[in-house]
Amino acid sequence: MFQFDIFSVPFDTKNGYQIYSSKLSDILVIRLEDLTTCCENAMHDFLGIQSFSLSNDNTGQKKWYAEIYRQTLKEFKIPKLYLDQIYNSRFSKHFYSCEELQRFKMKWMECPMSITLEDAQNEILNDNIDKAIRLLLSVLECSPHHPLALNLLGKIHWNVGDYKQAKKYFQMACHDKKSC
């Protein structure tokens with residue numbers, strides 16, 4: 001309709017909105033979840049409106065089903081296969097940073113990371129290296145770029161003399177944040 005390819009220009013993931021210009025029109029794109037935090041700046045930048053604000057009248061917290069909705073959001077989990085399909089899509093990678101995508105995956109995936117990392121550290125202290133490695137790899141299943149898990153795996157491999165594998169994990173722990 002606007003003769004514009006939205007994927008041809010990067011989206012500003014830090015601001016949560018982006019203004020695009022095409023031959024036919026200027027276009028404002030706002031991520032819905034950022035609407036309340038960025039609408040004032042977006043409306044000022046796009047339309048020159050000063051002191052723009054939204055009111056939150058129709059929210060789920062005020063509905064009769066608020067408690068059911070809150071509980072569903074807390075307990076609902078999505079299989080990793082589907083999360084990977086969703087968050088590895090061209091759309092997701094265009095409108096969200098790698099860190100945001102990882103945070104979204106963690107929200108919907110059952111992954112008790114703090115317990116698993118603590119357990120892995122205890123297994124390392126007790127010289128149960130194989131079990132520690134299994135626990136750390138399970139953390140990486142949920143969060144492939146988790147720096148502490150990667151660093152611990154690097155240390156384990158360094159201590160057993162597998163320097164090639166240690167280097168791999170240390171490099172992954174320090175990877176370029178722009179790559180997903």
# chains A, B, ... in the order shown; residues from 1 in each chain; ligands from 1
$ residues_around --residues "Ser53 (chain A)" --least-positions-apart "6" --cutoff "8 Å" --atoms "only C-alpha atoms" --output "list in words"
Thr36, Cys39 and Glu40 of chain A
$ select_by_dssp --residues "chain A" --states "strand (DSSP E)" --output "PyMOL selection string"
chain A and resi 17-21+26-30
$ atom_distance --atom1 "CA of Pro144 (chain A)" --atom2 "CA of Lys131 (chain A)"
18.5 Å
$ closest_residue --among "A:Cys38, A:Tyr163, A:Glu75, A:Met1" --to "Gln18 (chain A)" --atoms "only C-alpha atoms"
A:Cys38
$ residues_around --residues "Asp45 (chain A)" --least-positions-apart "2" --cutoff "12 Å" --atoms "only C-alpha atoms" --output "count of residues only"
21
$ residues_around --residues "Lys80 (chain A)" --least-positions-apart "2" --cutoff "8 Å" --atoms "only C-alpha atoms" --output "list in words"
Ile78, Tyr82, Leu83, Asp84, Met109 and Cys142 of chain A
$ closest_residue --among "A:Ile156, A:Phe2, A:Leu73, A:Thr13" --to "Leu101 (chain A)" --atoms "only C-alpha atoms"
A:Thr13
$ atom_distance --atom1 "CA of Asn122 (chain A)" --atom2 "CA of Phe104 (chain A)"
28.2 Å
$ closest_residue --among "A:Cys98, A:Leu24, A:Leu54, A:Ile129" --to "Val160 (chain A)" --atoms "only C-alpha atoms"
A:Ile129
$ select_by_dssp --residues "region 4-160 of chain A" --states "alpha helix (DSSP H)" --output "PyMOL selection string"
chain A and resi 35-47+66-75+80-87+90-95+98-108+113-125+129-142+147-159
$ write_last_selection --atoms "C-alpha atoms" --output "CSV table (one decimal), in the first residue's frame"
chain,number,residue,atom,x,y,z
A,35,LEU,CA,3.2,2.1,23.6
A,36,THR,CA,2.8,3.6,27.1
A,37,THR,CA,6.5,4.3,27.6
A,38,CYS,CA,7.3,5.8,24.2
A,39,CYS,CA,4.0,7.3,22.9
A,40,GLU,CA,4.8,10.8,24.1
A,41,ASN,CA,8.2,10.9,22.3
A,42,ALA,CA,6.8,9.1,19.3
A,43,MET,CA,3.9,11.5,18.9
A,44,HIS,CA,6.2,14.5,19.3
A,45,ASP,CA,8.7,13.2,16.8
A,46,PHE,CA,6.1,12.1,14.3
A,47,LEU,CA,3.4,14.8,14.6
A,66,ALA,CA,-8.1,-10.5,36.2
A,67,GLU,CA,-6.9,-13.2,38.6
A,68,ILE,CA,-7.4,-16.0,36.1
A,69,TYR,CA,-5.5,-14.0,33.5
A,70,ARG,CA,-2.6,-13.3,35.9
A,71,GLN,CA,-2.4,-17.0,36.9
A,72,THR,CA,-2.5,-18.1,33.3
A,73,LEU,CA,0.4,-15.8,32.3
A,74,LYS,CA,2.3,-17.0,35.3
A,75,GLU,CA,1.9,-20.7,34.6
A,80,LYS,CA,11.1,-24.6,23.0
A,81,LEU,CA,10.5,-25.7,19.4
A,82,TYR,CA,7.7,-23.2,19.0
A,83,LEU,CA,9.6,-20.4,20.8
A,84,ASP,CA,12.5,-21.0,18.5
A,85,GLN,CA,10.2,-20.7,15.4
A,86,ILE,CA,8.7,-17.5,16.8
A,87,TYR,CA,11.8,-15.7,18.0
A,90,ARG,CA,12.7,-12.4,10.3
A,91,PHE,CA,10.0,-10.4,12.0
A,92,SER,CA,11.2,-11.0,15.5
A,93,LYS,CA,14.8,-10.3,14.7
A,94,HIS,CA,13.9,-7.1,12.9
A,95,PHE,CA,11.8,-5.5,15.7
A,98,CYS,CA,18.8,-10.3,20.8
A,99,GLU,CA,18.6,-9.5,24.6
A,100,GLU,CA,14.9,-8.9,24.3
A,101,LEU,CA,14.3,-12.1,22.3
A,102,GLN,CA,16.2,-14.1,24.9
A,103,ARG,CA,14.2,-12.5,27.7
A,104,PHE,CA,10.9,-13.3,25.9
A,105,LYS,CA,12.0,-16.9,25.5
A,106,MET,CA,12.8,-17.2,29.2
A,107,LYS,CA,9.4,-15.8,30.1
A,108,TRP,CA,7.5,-18.5,28.2
A,113,MET,CA,18.0,-21.1,35.8
A,114,SER,CA,18.9,-19.8,39.3
A,115,ILE,CA,18.5,-23.3,40.8
A,116,THR,CA,20.3,-25.0,37.9
A,117,LEU,CA,23.3,-22.6,38.1
A,118,GLU,CA,23.5,-23.0,41.8
A,119,ASP,CA,23.3,-26.7,41.5
A,120,ALA,CA,26.0,-26.7,38.8
A,121,GLN,CA,28.3,-24.6,41.0
A,122,ASN,CA,27.7,-27.0,43.9
A,123,GLU,CA,28.5,-30.0,41.7
A,124,ILE,CA,31.8,-28.3,40.6
A,125,LEU,CA,32.7,-27.8,44.3
A,129,ILE,CA,32.1,-32.4,36.8
A,130,ASP,CA,30.0,-34.6,34.5
A,131,LYS,CA,26.8,-33.6,36.4
A,132,ALA,CA,27.8,-29.9,36.5
A,133,ILE,CA,28.4,-30.0,32.7
A,134,ARG,CA,24.9,-31.6,32.2
A,135,LEU,CA,23.3,-28.9,34.3
A,136,LEU,CA,25.1,-26.1,32.6
A,137,LEU,CA,24.2,-27.4,29.2
A,138,SER,CA,20.5,-27.5,30.3
A,139,VAL,CA,20.9,-23.8,31.1
A,140,LEU,CA,22.2,-23.2,27.6
A,141,GLU,CA,19.2,-25.0,26.2
A,142,CYS,CA,17.0,-22.3,27.7
A,147,PRO,CA,27.5,-15.7,30.2
A,148,LEU,CA,27.8,-17.3,33.6
A,149,ALA,CA,27.0,-20.8,32.3
A,150,LEU,CA,29.3,-20.3,29.3
A,151,ASN,CA,32.1,-19.1,31.6
A,152,LEU,CA,31.7,-22.0,34.0
A,153,LEU,CA,31.8,-24.4,31.1
A,154,GLY,CA,35.0,-22.7,29.9
A,155,LYS,CA,36.6,-23.0,33.3
A,156,ILE,CA,35.7,-26.7,33.6
A,157,HIS,CA,37.2,-27.5,30.3
A,158,TRP,CA,40.3,-25.4,31.0
A,159,ASN,CA,40.8,-27.2,34.3
